[in-house]
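Structure data (compact mmCIF, N, CA and C atoms) from target10.txt:
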```
# COMPACT_ATOMS: atom_id res chain seq x y z
N MET A 182 -11.43 -17.53 -2.93
CA MET A 182 -10.17 -16.92 -2.50
C MET A 182 -10.44 -16.07 -1.27
N ARG A 183 -9.61 -16.22 -0.25
CA ARG A 183 -9.78 -15.46 0.98
C ARG A 183 -8.44 -14.91 1.42
N ILE A 184 -8.44 -13.65 1.79
CA ILE A 184 -7.22 -13.03 2.29
C ILE A 184 -7.42 -12.73 3.76
N ASP A 185 -6.49 -13.13 4.57
CA ASP A 185 -6.57 -12.91 6.01
C ASP A 185 -6.31 -11.44 6.30
N GLU A 186 -7.30 -10.77 6.87
CA GLU A 186 -7.19 -9.33 7.13
C GLU A 186 -6.46 -9.02 8.43
N ARG A 187 -6.20 -10.00 9.26
CA ARG A 187 -5.61 -9.73 10.57
C ARG A 187 -4.24 -9.07 10.49
N ASN A 188 -3.43 -9.39 9.51
CA ASN A 188 -2.07 -8.87 9.42
C ASN A 188 -1.88 -7.91 8.26
N THR A 189 -2.95 -7.31 7.79
CA THR A 189 -2.84 -6.49 6.60
C THR A 189 -2.29 -5.10 6.87
N CYS A 190 -2.59 -4.53 8.01
CA CYS A 190 -2.18 -3.15 8.23
C CYS A 190 -1.80 -2.94 9.68
N ASP A 191 -0.76 -3.59 10.10
CA ASP A 191 -0.29 -3.41 11.46
C ASP A 191 0.58 -2.18 11.51
N VAL A 192 0.05 -1.13 12.10
CA VAL A 192 0.82 0.10 12.24
C VAL A 192 1.22 0.19 13.70
N ASN A 193 2.49 0.15 13.95
CA ASN A 193 3.01 0.19 15.30
C ASN A 193 2.84 1.58 15.89
N PRO A 194 2.06 1.74 16.97
CA PRO A 194 1.86 3.05 17.57
C PRO A 194 3.16 3.71 18.02
N ALA A 195 4.17 2.92 18.31
CA ALA A 195 5.46 3.48 18.73
C ALA A 195 6.14 4.19 17.57
N ARG A 196 5.73 3.88 16.34
CA ARG A 196 6.34 4.51 15.16
C ARG A 196 5.42 5.62 14.67
N SER A 197 4.96 6.46 15.55
CA SER A 197 3.99 7.50 15.21
C SER A 197 4.53 8.52 14.22
N GLU A 198 5.84 8.55 13.99
CA GLU A 198 6.37 9.47 13.01
C GLU A 198 5.92 9.11 11.60
N ILE A 199 5.55 7.85 11.38
CA ILE A 199 5.09 7.43 10.06
C ILE A 199 3.66 7.90 9.82
N LEU A 200 2.78 7.66 10.77
CA LEU A 200 1.38 8.07 10.65
C LEU A 200 0.98 8.85 11.91
N PRO A 201 1.37 10.12 12.00
CA PRO A 201 1.12 10.89 13.21
C PRO A 201 -0.35 11.24 13.41
N ASP A 202 -1.12 11.27 12.35
CA ASP A 202 -2.51 11.69 12.40
C ASP A 202 -3.42 10.47 12.33
N SER A 203 -4.37 10.36 13.25
CA SER A 203 -5.26 9.20 13.23
C SER A 203 -6.08 9.16 11.95
N ASN A 204 -6.32 10.32 11.31
CA ASN A 204 -7.03 10.34 10.03
C ASN A 204 -6.20 9.64 8.95
N GLN A 205 -4.89 9.76 9.04
CA GLN A 205 -4.02 9.08 8.08
C GLN A 205 -4.16 7.57 8.23
N LYS A 206 -4.17 7.09 9.45
CA LYS A 206 -4.31 5.65 9.68
C LYS A 206 -5.67 5.18 9.18
N THR A 207 -6.71 5.94 9.42
CA THR A 207 -8.05 5.58 8.95
C THR A 207 -8.07 5.49 7.43
N ASP A 208 -7.49 6.48 6.76
CA ASP A 208 -7.45 6.48 5.29
C ASP A 208 -6.63 5.31 4.76
N LEU A 209 -5.50 5.02 5.41
CA LEU A 209 -4.67 3.89 5.00
C LEU A 209 -5.42 2.58 5.20
N ASP A 210 -6.08 2.42 6.33
CA ASP A 210 -6.85 1.21 6.58
C ASP A 210 -7.92 1.00 5.51
N LYS A 211 -8.59 2.08 5.11
CA LYS A 211 -9.61 1.99 4.07
C LYS A 211 -8.99 1.54 2.74
N ALA A 212 -7.84 2.10 2.41
CA ALA A 212 -7.16 1.74 1.16
C ALA A 212 -6.76 0.27 1.18
N VAL A 213 -6.25 -0.21 2.30
CA VAL A 213 -5.84 -1.61 2.41
C VAL A 213 -7.06 -2.52 2.25
N LYS A 214 -8.17 -2.13 2.83
CA LYS A 214 -9.39 -2.94 2.69
C LYS A 214 -9.88 -2.98 1.24
N VAL A 215 -9.73 -1.87 0.52
CA VAL A 215 -10.09 -1.85 -0.91
C VAL A 215 -9.21 -2.82 -1.67
N ILE A 216 -7.91 -2.81 -1.36
CA ILE A 216 -6.97 -3.72 -2.03
C ILE A 216 -7.28 -5.17 -1.68
N ILE A 217 -7.64 -5.43 -0.44
CA ILE A 217 -7.97 -6.79 -0.02
C ILE A 217 -9.17 -7.32 -0.81
N LYS A 218 -10.17 -6.47 -0.99
CA LYS A 218 -11.37 -6.88 -1.73
C LYS A 218 -11.06 -7.16 -3.20
N ASP A 219 -10.15 -6.37 -3.79
CA ASP A 219 -9.79 -6.53 -5.19
C ASP A 219 -8.29 -6.30 -5.36
N PRO A 220 -7.48 -7.33 -5.13
CA PRO A 220 -6.02 -7.17 -5.16
C PRO A 220 -5.46 -6.67 -6.50
N GLU A 221 -6.22 -6.79 -7.56
CA GLU A 221 -5.73 -6.36 -8.87
C GLU A 221 -6.16 -4.94 -9.21
N ILE A 222 -6.64 -4.18 -8.22
CA ILE A 222 -7.13 -2.82 -8.45
C ILE A 222 -6.00 -1.85 -8.78
N GLY A 223 -4.80 -2.11 -8.30
CA GLY A 223 -3.67 -1.21 -8.53
C GLY A 223 -3.16 -1.27 -9.95
N GLN A 224 -2.40 -0.24 -10.32
CA GLN A 224 -1.80 -0.18 -11.65
C GLN A 224 -0.53 -1.04 -11.65
N SER A 225 -0.48 -1.98 -12.58
CA SER A 225 0.66 -2.88 -12.69
C SER A 225 1.85 -2.14 -13.29
N LYS A 226 3.01 -2.32 -12.71
CA LYS A 226 4.24 -1.66 -13.17
C LYS A 226 5.10 -2.62 -13.97
N MET A 227 6.05 -2.05 -14.72
CA MET A 227 6.93 -2.86 -15.57
C MET A 227 8.40 -2.58 -15.24
N GLY A 228 9.28 -3.28 -15.90
CA GLY A 228 10.72 -3.07 -15.72
C GLY A 228 11.18 -3.53 -14.35
N ASP A 229 11.95 -2.67 -13.65
CA ASP A 229 12.44 -3.00 -12.31
C ASP A 229 11.30 -3.25 -11.34
N LEU A 230 10.12 -2.71 -11.65
CA LEU A 230 8.98 -2.84 -10.76
C LEU A 230 8.01 -3.93 -11.21
N SER A 231 8.47 -4.82 -12.05
CA SER A 231 7.62 -5.91 -12.51
C SER A 231 7.11 -6.70 -11.31
N GLY A 232 5.82 -6.96 -11.28
CA GLY A 232 5.21 -7.67 -10.16
C GLY A 232 4.70 -6.76 -9.06
N VAL A 233 4.92 -5.45 -9.21
CA VAL A 233 4.46 -4.47 -8.23
C VAL A 233 3.24 -3.77 -8.78
N LEU A 234 2.25 -3.56 -7.92
CA LEU A 234 1.07 -2.79 -8.28
C LEU A 234 1.06 -1.54 -7.41
N VAL A 235 0.54 -0.44 -7.94
CA VAL A 235 0.46 0.81 -7.19
C VAL A 235 -0.99 1.27 -7.17
N TYR A 236 -1.50 1.48 -5.97
CA TYR A 236 -2.87 1.95 -5.77
C TYR A 236 -2.80 3.41 -5.30
N LYS A 237 -3.56 4.28 -5.97
CA LYS A 237 -3.60 5.70 -5.62
C LYS A 237 -4.87 5.98 -4.83
N PHE A 238 -4.73 6.74 -3.75
CA PHE A 238 -5.87 7.11 -2.92
C PHE A 238 -5.58 8.42 -2.20
N LYS A 239 -6.62 9.01 -1.64
CA LYS A 239 -6.45 10.26 -0.90
C LYS A 239 -6.22 9.94 0.57
N MET A 240 -5.17 10.53 1.13
CA MET A 240 -4.90 10.44 2.56
C MET A 240 -4.88 11.86 3.09
N VAL A 241 -5.88 12.18 3.88
CA VAL A 241 -6.05 13.53 4.41
C VAL A 241 -5.91 14.55 3.27
N LYS A 242 -6.71 14.38 2.25
CA LYS A 242 -6.83 15.28 1.10
C LYS A 242 -5.59 15.37 0.22
N GLN A 243 -4.63 14.46 0.39
CA GLN A 243 -3.43 14.48 -0.43
C GLN A 243 -3.31 13.14 -1.17
N LEU A 244 -3.05 13.21 -2.47
CA LEU A 244 -2.89 11.99 -3.26
C LEU A 244 -1.71 11.19 -2.72
N THR A 245 -1.95 9.93 -2.44
CA THR A 245 -0.95 9.05 -1.85
C THR A 245 -0.86 7.78 -2.68
N LEU A 246 0.34 7.25 -2.82
CA LEU A 246 0.54 6.02 -3.57
C LEU A 246 0.95 4.91 -2.60
N LEU A 247 0.41 3.73 -2.84
CA LEU A 247 0.72 2.58 -2.03
C LEU A 247 1.16 1.46 -2.96
N ALA A 248 2.41 1.04 -2.84
CA ALA A 248 2.95 -0.03 -3.67
C ALA A 248 2.79 -1.35 -2.93
N TYR A 249 2.37 -2.37 -3.67
CA TYR A 249 2.19 -3.67 -3.05
C TYR A 249 2.39 -4.76 -4.08
N SER A 250 2.59 -5.96 -3.59
CA SER A 250 2.65 -7.12 -4.49
C SER A 250 1.58 -8.09 -4.04
N TYR A 251 1.10 -8.86 -4.98
CA TYR A 251 0.04 -9.83 -4.71
C TYR A 251 0.34 -11.09 -5.49
N HIS A 252 0.34 -12.20 -4.80
CA HIS A 252 0.62 -13.48 -5.44
C HIS A 252 -0.56 -14.40 -5.21
N ASP A 253 -1.29 -14.66 -6.26
CA ASP A 253 -2.52 -15.44 -6.20
C ASP A 253 -2.31 -16.82 -5.59
N GLN A 254 -1.21 -17.45 -5.91
CA GLN A 254 -1.00 -18.80 -5.44
C GLN A 254 -0.90 -18.86 -3.91
N THR A 255 -0.29 -17.87 -3.29
CA THR A 255 -0.11 -17.90 -1.84
C THR A 255 -1.14 -17.05 -1.11
N ILE A 256 -1.94 -16.32 -1.85
CA ILE A 256 -2.95 -15.43 -1.29
C ILE A 256 -2.30 -14.52 -0.24
N ALA A 257 -1.25 -13.86 -0.63
CA ALA A 257 -0.53 -12.95 0.26
C ALA A 257 -0.49 -11.56 -0.34
N LEU A 258 -0.73 -10.58 0.48
CA LEU A 258 -0.67 -9.18 0.08
C LEU A 258 0.48 -8.55 0.85
N THR A 259 1.48 -8.05 0.14
CA THR A 259 2.65 -7.46 0.78
C THR A 259 2.71 -5.99 0.44
N LEU A 260 2.59 -5.14 1.44
CA LEU A 260 2.68 -3.70 1.24
C LEU A 260 4.15 -3.32 1.19
N LEU A 261 4.55 -2.62 0.12
CA LEU A 261 5.97 -2.34 -0.09
C LEU A 261 6.37 -0.91 0.21
N ALA A 262 5.52 0.05 -0.15
CA ALA A 262 5.88 1.45 0.04
C ALA A 262 4.61 2.29 0.13
N LEU A 263 4.73 3.43 0.81
CA LEU A 263 3.63 4.36 0.98
C LEU A 263 4.20 5.76 0.93
N GLY A 264 3.59 6.65 0.15
CA GLY A 264 4.07 8.03 0.11
C GLY A 264 3.40 8.84 -0.96
N THR A 265 3.74 10.12 -1.01
CA THR A 265 3.22 10.99 -2.05
C THR A 265 4.00 10.73 -3.33
N HIS A 266 3.50 11.23 -4.43
CA HIS A 266 4.13 10.96 -5.72
C HIS A 266 5.56 11.48 -5.78
N GLU A 267 5.81 12.60 -5.13
CA GLU A 267 7.15 13.19 -5.15
C GLU A 267 8.15 12.20 -4.57
N ASN A 268 9.12 11.80 -5.34
CA ASN A 268 10.19 10.88 -4.95
C ASN A 268 9.72 9.46 -4.66
N PHE A 269 8.48 9.13 -4.98
CA PHE A 269 7.95 7.79 -4.67
C PHE A 269 8.74 6.70 -5.40
N TYR A 270 9.09 6.96 -6.65
CA TYR A 270 9.77 5.95 -7.45
C TYR A 270 11.29 6.12 -7.44
N ARG A 271 11.82 6.91 -6.53
CA ARG A 271 13.25 7.22 -6.53
C ARG A 271 14.12 5.98 -6.41
N ASP A 272 13.86 5.10 -5.45
CA ASP A 272 14.71 3.92 -5.27
C ASP A 272 13.84 2.69 -4.96
N PRO A 273 13.16 2.15 -5.97
CA PRO A 273 12.27 1.03 -5.74
C PRO A 273 12.99 -0.27 -5.37
N LYS A 274 14.29 -0.36 -5.58
CA LYS A 274 15.01 -1.58 -5.23
C LYS A 274 15.06 -1.78 -3.72
N LYS A 275 14.85 -0.73 -2.95
CA LYS A 275 14.82 -0.85 -1.49
C LYS A 275 13.52 -1.48 -1.01
N TRP A 276 12.52 -1.55 -1.88
CA TRP A 276 11.21 -2.10 -1.48
C TRP A 276 11.28 -3.59 -1.22
N GLY A 277 12.13 -4.29 -1.92
CA GLY A 277 12.14 -5.75 -1.83
C GLY A 277 13.02 -6.21 -0.78
```
Spit out the file's structure as structure tokens when you get a sec.
Amino acid sequence: MRIDERNTCDVNPARSEILPDSNQKTDLDKAVKVIIKDPEIGQSKMGDLSGVLVYKFKMVKQLTLLAYSYHDQTIALTLLALGTHENFYRDPKKWG
């Protein structure tokens, strides 16, 4: 199984309001690479979030959650949401 890393974490520099600190981008890139190596590392969710996995990691010393989906048949990793725990699960229907 091989996942193409070229399109895994395209952060548009023009959208610097999302990741204003280069340390944030570095931490996010590391988290994405961890997920690429082991797509099932995240915690599987149920209910409305069925099929979504959430990976927890530190981004500039703050616990951050990254929601993603992974489909073995297509070998695709789709990043759905990124943020701190506060309000992270507020409206998951917007992720899809």
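Distance check against Leu263 (chain A) using only C-alpha atoms: of A:Ser250, A:Ile217, A:Leu209, A:Ser225, the minimum falls on A:Leu209.
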Taking only residues of region 204-232 of chain A that have an atom at most 7 Å from an atom of region 238-247 of chain A, what is each one's shortest atom pair and its distance in Å to one decimal, using all atoms listed in the file, in chain and number order, as a Markdown table?
```
| residue | atom | partner | partner_atom | distance |
| --- | --- | --- | --- | --- |
| A:Asn204 | C | A:Val241 | N | 5.7 |
| A:Gln205 | CA | A:Val241 | N | 5.5 |
| A:Asp208 | CA | A:Met240 | CA | 5.4 |
| A:Leu209 | N | A:Met240 | CA | 6.2 |
| A:Ala212 | CA | A:Phe238 | CA | 6.9 |
```
Would you output that residue set with N, CA and C atoms, as a tab-separated table (two decimals), in the frame of the given file?
```tsv
chain	number	residue	atom	x	y	z
A	204	ASN	N	-6.32	10.32	11.31
A	204	ASN	CA	-7.03	10.34	10.03
A	204	ASN	C	-6.20	9.64	8.95
A	205	GLN	N	-4.89	9.76	9.04
A	205	GLN	CA	-4.02	9.08	8.08
A	205	GLN	C	-4.16	7.57	8.23
A	208	ASP	N	-7.49	6.48	6.76
A	208	ASP	CA	-7.45	6.48	5.29
A	208	ASP	C	-6.63	5.31	4.76
A	209	LEU	N	-5.50	5.02	5.41
A	209	LEU	CA	-4.67	3.89	5.00
A	209	LEU	C	-5.42	2.58	5.20
A	212	ALA	N	-7.84	2.10	2.41
A	212	ALA	CA	-7.16	1.74	1.16
A	212	ALA	C	-6.76	0.27	1.18
```
Report task. Using only C-alpha atoms, determine which residues lie at most 10 Å from Ile222 (chain A), disregarding the query and same-chain residues fewer than 5 positions distant; provide the list as an MDAnalysis selection string. Result -> chainID A and resid 215:217 234:237
Requested in this report: Give me every alpha helix (DSSP H) residue in region 195-266 of chain A, going by DSSP on the backbone, as a list in words.
Outcome: Ser203, Asn204, Gln205, Lys206, Thr207, Asp208, Leu209, Asp210, Lys211, Ala212, Val213, Lys214, Val215, Ile216, Ile217 and Lys218 of chain A
Requested in this report: Name the closest residue to Val233 (chain A) among the candidates A:Lys275, A:Tyr249, A:Tyr270, A:Pro220; distances are taken between atoms, counting all atoms listed in the file.
Outcome: A:Tyr249
Report task. For CA of Gly264 (chain A) and CA of His252 (chain A), quote the distance in Å rounded to one decimal. Result ->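 The value is 22.5 Å.
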